[in-house]
$ cat start.pdb   # PDB, C-alpha atoms
MODEL        1
ATOM      1  CA  MET K 161       0.000   0.000   0.000
ATOM      2  CA  GLU K 162       1.355   3.403  -0.999
ATOM      3  CA  GLN K 163       2.364   5.650   1.891
ATOM      4  CA  GLN K 164       0.140   8.611   2.567
ATOM      5  CA  ARG K 165       1.925  11.933   2.110
ATOM      6  CA  ILE K 166       1.833  14.703   4.711
ATOM      7  CA  LEU K 167       3.070  18.267   4.150
ATOM      8  CA  ILE K 168       4.397  19.866   7.364
ATOM      9  CA  VAL K 169       4.451  23.667   7.347
ATOM     10  CA  ASP K 170       6.132  25.530  10.222
ATOM     11  CA  ASP K 171       8.950  28.070  10.449
ATOM     12  CA  GLU K 172      10.333  26.703  13.739
ATOM     13  CA  GLU K 173      12.934  24.078  12.914
ATOM     14  CA  SER K 174      12.618  22.355  16.309
ATOM     15  CA  ILE K 175       8.860  21.867  15.822
ATOM     16  CA  VAL K 176       9.344  20.658  12.243
ATOM     17  CA  THR K 177      11.952  18.127  13.417
ATOM     18  CA  LEU K 178       9.648  16.882  16.198
ATOM     19  CA  LEU K 179       6.609  16.604  13.930
ATOM     20  CA  LYS K 180       8.517  15.028  11.056
ATOM     21  CA  TYR K 181      10.065  12.358  13.290
ATOM     22  CA  ASN K 182       6.760  11.365  14.890
ATOM     23  CA  ILE K 183       4.717  11.470  11.677
ATOM     24  CA  ASP K 184       7.387   9.434   9.845
ATOM     25  CA  GLN K 185       7.387   6.934  12.718
ATOM     26  CA  ALA K 186       3.618   6.584  12.319
ATOM     27  CA  GLY K 187       4.193   5.308   8.780
ATOM     28  CA  PHE K 188       3.595   8.417   6.701
ATOM     29  CA  GLU K 189       5.812  10.035   4.081
ATOM     30  CA  THR K 190       6.528  13.683   4.918
ATOM     31  CA  GLU K 191       7.630  16.801   3.103
ATOM     32  CA  VAL K 192       8.451  20.120   4.764
ATOM     33  CA  ALA K 193       7.870  23.800   4.000
ATOM     34  CA  TYR K 194       9.178  26.611   6.208
ATOM     35  CA  SER K 195       7.161  29.513   4.778
ATOM     36  CA  GLY K 196       3.678  30.196   3.531
ATOM     37  CA  THR K 197       4.882  30.897  -0.008
ATOM     38  CA  ASP K 198       6.786  27.605  -0.148
ATOM     39  CA  ALA K 199       3.783  25.741   1.296
ATOM     40  CA  LEU K 200       1.415  27.237  -1.272
ATOM     41  CA  GLU K 201       3.702  26.266  -4.136
ATOM     42  CA  LYS K 202       4.217  22.698  -2.926
ATOM     43  CA  ALA K 203       0.573  22.108  -2.039
ATOM     44  CA  SER K 204      -0.662  23.424  -5.371
ATOM     45  CA  LYS K 205       1.829  21.466  -7.505
ATOM     46  CA  SER K 206       2.082  18.146  -5.629
ATOM     47  CA  THR K 207      -0.512  15.772  -4.214
ATOM     48  CA  PHE K 208      -0.669  15.372  -0.443
ATOM     49  CA  ASP K 209      -3.129  13.434   1.694
ATOM     50  CA  LEU K 210      -3.063  16.077   4.464
ATOM     51  CA  ILE K 211      -1.372  19.383   5.339
ATOM     52  CA  VAL K 212      -0.234  20.268   8.876
ATOM     53  CA  LEU K 213      -0.201  24.063   8.679
ATOM     54  CA  ASP K 214       1.095  26.509  11.277
ATOM     55  CA  VAL K 215      -0.792  29.810  11.474
ATOM     56  CA  MET K 216       2.144  32.059  12.377
ATOM     57  CA  LEU K 217       4.450  31.992   9.348
ATOM     58  CA  PRO K 218       6.793  34.640   7.937
ATOM     59  CA  GLY K 219       5.407  36.608   4.992
ATOM     60  CA  MET K 220       2.218  34.773   4.046
ATOM     61  CA  ASP K 221       0.598  33.362   7.194
ATOM     62  CA  GLY K 222      -1.229  30.060   7.483
ATOM     63  CA  MET K 223      -4.673  31.651   7.258
ATOM     64  CA  GLU K 224      -3.811  33.147   3.863
ATOM     65  CA  VAL K 225      -2.278  29.866   2.661
ATOM     66  CA  CYS K 226      -5.480  28.036   3.623
ATOM     67  CA  LYS K 227      -7.646  30.666   1.951
ATOM     68  CA  GLN K 228      -5.671  30.617  -1.306
ATOM     69  CA  LEU K 229      -5.581  26.819  -1.499
ATOM     70  CA  ARG K 230      -9.355  26.637  -1.149
ATOM     71  CA  GLN K 231      -9.772  29.356  -3.776
ATOM     72  CA  MET K 232      -7.598  27.214  -6.066
ATOM     73  CA  GLN K 233      -9.993  24.283  -5.434
ATOM     74  CA  VAL K 234      -7.303  22.322  -3.546
ATOM     75  CA  SER K 235      -9.434  20.239  -1.161
ATOM     76  CA  THR K 236      -6.598  18.491   0.720
ATOM     77  CA  PRO K 237      -7.511  18.243   4.443
ATOM     78  CA  ILE K 238      -5.775  20.904   6.552
ATOM     79  CA  LEU K 239      -4.886  20.587  10.241
ATOM     80  CA  MET K 240      -4.002  24.061  11.511
ATOM     81  CA  LEU K 241      -1.547  24.687  14.357
ATOM     82  CA  THR K 242      -1.368  27.891  16.363
ATOM     83  CA  ALA K 243       0.202  29.269  19.519
ATOM     84  CA  LYS K 244      -2.984  31.239  20.200
ATOM     85  CA  ASP K 245      -5.841  29.814  22.233
ATOM     86  CA  ASP K 246      -8.280  32.256  20.698
ATOM     87  CA  GLU K 247     -11.821  31.376  19.601
ATOM     88  CA  PHE K 248     -11.735  34.052  16.878
ATOM     89  CA  ASP K 249      -8.619  32.517  15.352
ATOM     90  CA  LYS K 250     -10.152  29.049  15.508
ATOM     91  CA  VAL K 251     -13.412  30.036  13.861
ATOM     92  CA  LEU K 252     -11.640  32.178  11.252
ATOM     93  CA  GLY K 253      -9.405  29.252  10.319
ATOM     94  CA  LEU K 254     -12.420  26.987   9.904
ATOM     95  CA  GLU K 255     -14.263  29.657   7.937
ATOM     96  CA  LEU K 256     -11.346  29.734   5.502
ATOM     97  CA  GLY K 257     -11.587  25.990   4.948
ATOM     98  CA  ALA K 258      -9.424  24.257   7.561
ATOM     99  CA  ASP K 259     -10.663  20.850   8.711
ATOM    100  CA  ASP K 260      -9.259  20.814  12.224
ATOM    101  CA  TYR K 261      -7.411  23.026  14.664
ATOM    102  CA  LEU K 262      -4.815  22.274  17.348
ATOM    103  CA  THR K 263      -3.370  24.765  19.833
ATOM    104  CA  LYS K 264       0.297  24.823  20.867
ATOM    105  CA  PRO K 265       1.749  23.413  23.029
ATOM    106  CA  PHE K 266       0.624  19.991  21.844
ATOM    107  CA  SER K 267       1.960  16.474  22.130
ATOM    108  CA  PRO K 268       3.249  14.876  18.906
ATOM    109  CA  ARG K 269       1.040  11.868  19.686
ATOM    110  CA  GLU K 270      -2.020  14.116  19.627
ATOM    111  CA  VAL K 271      -1.017  15.514  16.222
ATOM    112  CA  VAL K 272      -0.599  12.002  14.844
ATOM    113  CA  ALA K 273      -3.956  10.967  16.352
ATOM    114  CA  ARG K 274      -5.702  13.923  14.719
ATOM    115  CA  ILE K 275      -4.050  13.159  11.370
ATOM    116  CA  LYS K 276      -5.194   9.532  11.532
ATOM    117  CA  ALA K 277      -8.726  10.560  12.542
ATOM    118  CA  ILE K 278      -9.037  12.936   9.581
ATOM    119  CA  LEU K 279      -7.604  10.417   7.120
ATOM    120  CA  ARG K 280      -9.843   7.606   8.416
ATOM    121  CA  ARG K 281     -12.850   9.687   7.513
ATOM    122  CA  MET K 282     -11.371  10.258   4.056
ATOM    123  CA  VAL K 283     -11.118   6.553   3.151
ATOM    124  CA  ARG K 284     -13.212   5.962   0.066
ATOM    125  CA  GLU K 285     -14.659   2.629  -0.932
ATOM    126  CA  PRO K 286     -14.451   1.699  -4.638
ATOM    127  CA  ALA K 287     -17.628   2.518  -6.537
ATOM    128  CA  GLY K 288     -19.719  -0.446  -7.602
ATOM    129  CA  PRO K 289     -23.240  -1.566  -8.445
ATOM    130  CA  GLU K 290     -24.233  -1.551  -4.773
ATOM    131  CA  MET K 291     -23.250   2.108  -4.290
ATOM    132  CA  LYS K 292     -26.131   4.005  -2.746
ATOM    133  CA  MET K 293     -26.721   7.629  -3.587
ATOM    134  CA  ILE K 294     -28.802  10.158  -1.712
ATOM    135  CA  GLN K 295     -30.994  12.433  -3.801
ATOM    136  CA  VAL K 296     -32.776  15.501  -2.469
ATOM    137  CA  ALA K 297     -34.472  17.246  -5.397
ATOM    138  CA  ASP K 298     -31.633  18.455  -7.670
ATOM    139  CA  LEU K 299     -28.947  17.621  -5.086
ATOM    140  CA  VAL K 300     -27.294  14.209  -5.459
ATOM    141  CA  ILE K 301     -24.781  12.855  -2.924
ATOM    142  CA  TYR K 302     -22.528   9.858  -3.630
ATOM    143  CA  PRO K 303     -21.295   8.680  -0.198
ATOM    144  CA  GLU K 304     -18.759   6.115  -1.409
ATOM    145  CA  GLN K 305     -17.158   8.483  -3.895
ATOM    146  CA  TYR K 306     -17.132  11.559  -1.658
ATOM    147  CA  GLU K 307     -18.838  13.444  -4.466
ATOM    148  CA  ALA K 308     -21.985  15.507  -4.887
ATOM    149  CA  SER K 309     -23.664  17.462  -7.645
ATOM    150  CA  ILE K 310     -26.567  19.840  -8.060
ATOM    151  CA  LYS K 311     -28.461  20.006 -11.336
ATOM    152  CA  ASP K 312     -25.734  17.670 -12.694
ATOM    153  CA  LYS K 313     -23.046  20.228 -11.871
ATOM    154  CA  PRO K 314     -20.217  18.742  -9.739
ATOM    155  CA  LEU K 315     -19.654  20.442  -6.397
ATOM    156  CA  THR K 316     -16.366  20.940  -4.555
ATOM    157  CA  PHE K 317     -16.215  20.523  -0.780
ATOM    158  CA  THR K 318     -13.610  20.293   1.929
ATOM    159  CA  PRO K 319     -13.719  16.868   3.647
ATOM    160  CA  LYS K 320     -15.511  18.293   6.670
ATOM    161  CA  GLU K 321     -18.118  20.082   4.532
ATOM    162  CA  PHE K 322     -18.861  16.842   2.699
ATOM    163  CA  GLU K 323     -19.209  14.873   5.933
ATOM    164  CA  LEU K 324     -21.699  17.432   7.246
ATOM    165  CA  LEU K 325     -23.659  17.412   3.984
ATOM    166  CA  LEU K 326     -23.733  13.608   3.998
ATOM    167  CA  TYR K 327     -24.904  13.407   7.612
ATOM    168  CA  LEU K 328     -27.684  15.915   6.966
ATOM    169  CA  GLY K 329     -28.688  13.970   3.853
ATOM    170  CA  GLN K 330     -28.700  10.660   5.723
ATOM    171  CA  ASN K 331     -31.048  12.235   8.261
ATOM    172  CA  LEU K 332     -33.392  13.893   5.781
ATOM    173  CA  GLY K 333     -36.356  15.500   7.540
ATOM    174  CA  ARG K 334     -34.843  15.141  11.035
ATOM    175  CA  VAL K 335     -34.066  18.169  13.173
ATOM    176  CA  LEU K 336     -30.452  17.837  14.328
ATOM    177  CA  SER K 337     -29.090  19.946  17.152
ATOM    178  CA  ARG K 338     -25.701  21.627  16.833
ATOM    179  CA  ASP K 339     -24.388  19.356  19.583
ATOM    180  CA  GLN K 340     -25.573  16.284  17.656
ATOM    181  CA  LEU K 341     -23.795  17.530  14.547
ATOM    182  CA  LEU K 342     -20.629  18.278  16.512
ATOM    183  CA  SER K 343     -20.647  14.771  17.943
ATOM    184  CA  ALA K 344     -21.376  13.057  14.622
ATOM    185  CA  VAL K 345     -19.115  15.030  12.297
ATOM    186  CA  TRP K 346     -16.400  16.249  14.675
ATOM    187  CA  ASN K 347     -15.764  13.129  16.730
ATOM    188  CA  TYR K 348     -13.627  14.755  19.414
ATOM    189  CA  ASP K 349     -14.169  17.571  21.885
ATOM    190  CA  PHE K 350     -14.547  21.107  20.542
ATOM    191  CA  ALA K 351     -15.627  22.302  23.997
ATOM    192  CA  GLY K 352     -19.185  22.895  22.821
ATOM    193  CA  ASP K 353     -18.134  25.464  20.217
ATOM    194  CA  THR K 354     -21.268  25.100  18.135
ATOM    195  CA  ARG K 355     -20.344  28.098  15.992
ATOM    196  CA  ILE K 356     -18.142  25.662  14.061
ATOM    197  CA  VAL K 357     -21.341  23.989  12.850
ATOM    198  CA  ASP K 358     -22.850  27.328  11.810
ATOM    199  CA  VAL K 359     -19.730  28.187   9.793
ATOM    200  CA  HIS K 360     -19.854  24.913   7.877
ATOM    201  CA  VAL K 361     -23.607  25.124   7.272
ATOM    202  CA  SER K 362     -22.995  28.580   5.831
ATOM    203  CA  HIS K 363     -20.368  27.111   3.474
ATOM    204  CA  LEU K 364     -22.756  24.395   2.343
ATOM    205  CA  ARG K 365     -25.523  26.889   1.668
ATOM    206  CA  GLU K 366     -23.216  28.956  -0.522
ATOM    207  CA  LYS K 367     -22.699  25.887  -2.687
ATOM    208  CA  ILE K 368     -26.148  24.279  -2.843
ATOM    209  CA  GLU K 369     -28.775  26.948  -2.154
ATOM    210  CA  PRO K 370     -30.281  29.036  -4.994
ATOM    211  CA  ASP K 371     -30.598  31.902  -2.487
ATOM    212  CA  THR K 372     -28.557  31.711   0.726
ATOM    213  CA  LYS K 373     -30.884  34.219   2.405
ATOM    214  CA  LYS K 374     -33.859  31.924   1.772
ATOM    215  CA  PRO K 375     -32.451  28.391   2.039
ATOM    216  CA  VAL K 376     -34.636  25.575   0.732
ATOM    217  CA  TYR K 377     -32.367  22.571   1.395
ATOM    218  CA  ILE K 378     -30.854  23.249   4.828
ATOM    219  CA  LYS K 379     -33.359  24.923   7.118
ATOM    220  CA  THR K 380     -32.523  26.594  10.424
ATOM    221  CA  ILE K 381     -34.895  25.437  13.145
ATOM    222  CA  ARG K 382     -34.787  28.280  15.637
ATOM    223  CA  GLY K 383     -33.632  27.236  19.084
ATOM    224  CA  LEU K 384     -33.029  23.643  17.973
ATOM    225  CA  GLY K 385     -30.594  23.258  15.094
ATOM    226  CA  TYR K 386     -30.768  22.357  11.395
ATOM    227  CA  LYS K 387     -32.801  20.126   9.109
ATOM    228  CA  MET K 388     -32.285  19.064   5.516
ATOM    229  CA  GLU K 389     -35.519  18.692   3.562
ATOM    230  CA  GLU K 390     -36.887  18.492   0.034
ATOM    231  CA  PRO K 391     -37.452  21.982  -1.408
ATOM    232  CA  LYS K 392     -41.146  22.775  -1.632
TER     233      LYS K 392
ENDMDL
END

$ encode --input "start.pdb" --output "structure tokens"
Amino acid sequence: MEQQRILIVDDEESIVTLLKYNIDQAGFETEVAYSGTDALEKASKSTFDLIVLDVMLPGMDGMEVCKQLRQMQVSTPILMLTAKDDEFDKVLGLELGADDYLTKPFSPREVVARIKAILRRMVREPAGPEMKMIQVADLVIYPEQYEASIKDKPLTFTPKEFELLLYLGQNLGRVLSRDQLLSAVWNYDFAGDTRIVDVHVSHLREKIEPDTKKPVYIKTIRGLGYKMEEPK
């Protein structure tokens, strides 16, 4: 089986050395970038299975790298690292398209665990005759292929956006609380930060709703959560 490739981006050599050693030991192949510009070039020209991206970088910071990669339709999962324990930073990173967020100081084992958790959710089964799709009006979701389309137009999602879309689709017509969505889609503790759910729902609406101000697929149920339903 081919090794999964991880891009490590940090300007502190000691942290890079620590991360590279532990991620290599976990069986991954690693490449390193010490600046945002270098990271953007490598991530846009080579294929990686995941990017470990520090926020505080010289020149172009990690937030801008994340933003530009998503604008370039690079959907590689991104695990952001930061020395700041700041909710604004966390939510901003997720708004820009990061999949997960870890605050320094961290243990290398925790980084490896997060990487494995993200990649486990990215495993795709080969498509076959038994593949089940989920259709909600013009929206079609292919769970085994990690793909979706609307009116036959392919859609592009980050891994976390797709997982949220899939879970909503699998629970069509059910009202799901933000805590339920956090538990199902983010399977570790985000300390009840339900705004993460709101950010990702907003991203989904931008991609599937004809009018984001009057959503017809993903409805907000005031005081409760969200529900996906057939447009009326």

$ resolve_selection --input "start.pdb" --expression "the PyMOL selection byres ((chain K and resi 315) around 10)" --output "PDB file with C-alpha atoms, keeping the file's coordinate frame"
ATOM      1  CA  LEU K 299     -28.947  17.621  -5.086  1.00  0.00           C
ATOM      2  CA  VAL K 300     -27.294  14.209  -5.459  1.00  0.00           C
ATOM      3  CA  ILE K 301     -24.781  12.855  -2.924  1.00  0.00           C
ATOM      4  CA  GLU K 307     -18.838  13.444  -4.466  1.00  0.00           C
ATOM      5  CA  ALA K 308     -21.985  15.507  -4.887  1.00  0.00           C
ATOM      6  CA  SER K 309     -23.664  17.462  -7.645  1.00  0.00           C
ATOM      7  CA  ILE K 310     -26.567  19.840  -8.060  1.00  0.00           C
ATOM      8  CA  ASP K 312     -25.734  17.670 -12.694  1.00  0.00           C
ATOM      9  CA  LYS K 313     -23.046  20.228 -11.871  1.00  0.00           C
ATOM     10  CA  PRO K 314     -20.217  18.742  -9.739  1.00  0.00           C
ATOM     11  CA  THR K 316     -16.366  20.940  -4.555  1.00  0.00           C
ATOM     12  CA  PHE K 317     -16.215  20.523  -0.780  1.00  0.00           C
ATOM     13  CA  PHE K 322     -18.861  16.842   2.699  1.00  0.00           C
ATOM     14  CA  LYS K 367     -22.699  25.887  -2.687  1.00  0.00           C
ATOM     15  CA  ILE K 368     -26.148  24.279  -2.843  1.00  0.00           C
TER      16      ILE K 368
END

$ residues_around --input "start.pdb" --residues "K:Val345" --least-positions-apart "5" --cutoff "12 Å" --atoms "all atoms listed in the file" --output "list in words"
Asp259, Asp260, Ala277, Ile278, Arg281, Pro319, Lys320, Glu321, Phe322, Glu323, Leu324, Leu325, Leu326, Tyr327, Leu328, Leu336, Arg338, Asp339, Gln340, Phe350, Thr354, Ile356, Val357 and His360 of chain K

$ closest_atom_pairs --input "start.pdb" --of "stretch 214-323 of chain K" --to "stretch 177-182 of chain K" --cutoff "8 Å" --atoms "all atoms listed in the file" --output "CSV"
residue,atom,partner,partner_atom,distance
K:Pro268,CA,K:Leu179,CA,6.2
K:Arg269,CA,K:Asn182,CA,7.5
K:Val272,CA,K:Asn182,CA,7.4

$ closest_residue --input "start.pdb" --among "K:Ala186, K:Val169, K:Leu341, K:Leu254" --to "K:Ala203" --atoms "only C-alpha atoms"
K:Val169

$ closest_residue --input "start.pdb" --among "K:Arg334, K:Lys264, K:Lys379, K:Arg280" --to "K:Leu210" --atoms "only C-alpha atoms"
K:Arg280

$ residues_near_point --input "start.pdb" --point "(-24.0, 30.1, 0.4)" --cutoff "6 Å" --atoms "only C-alpha atoms" --output "PyMOL selection string"
chain K and resi 362-363+365-367+372
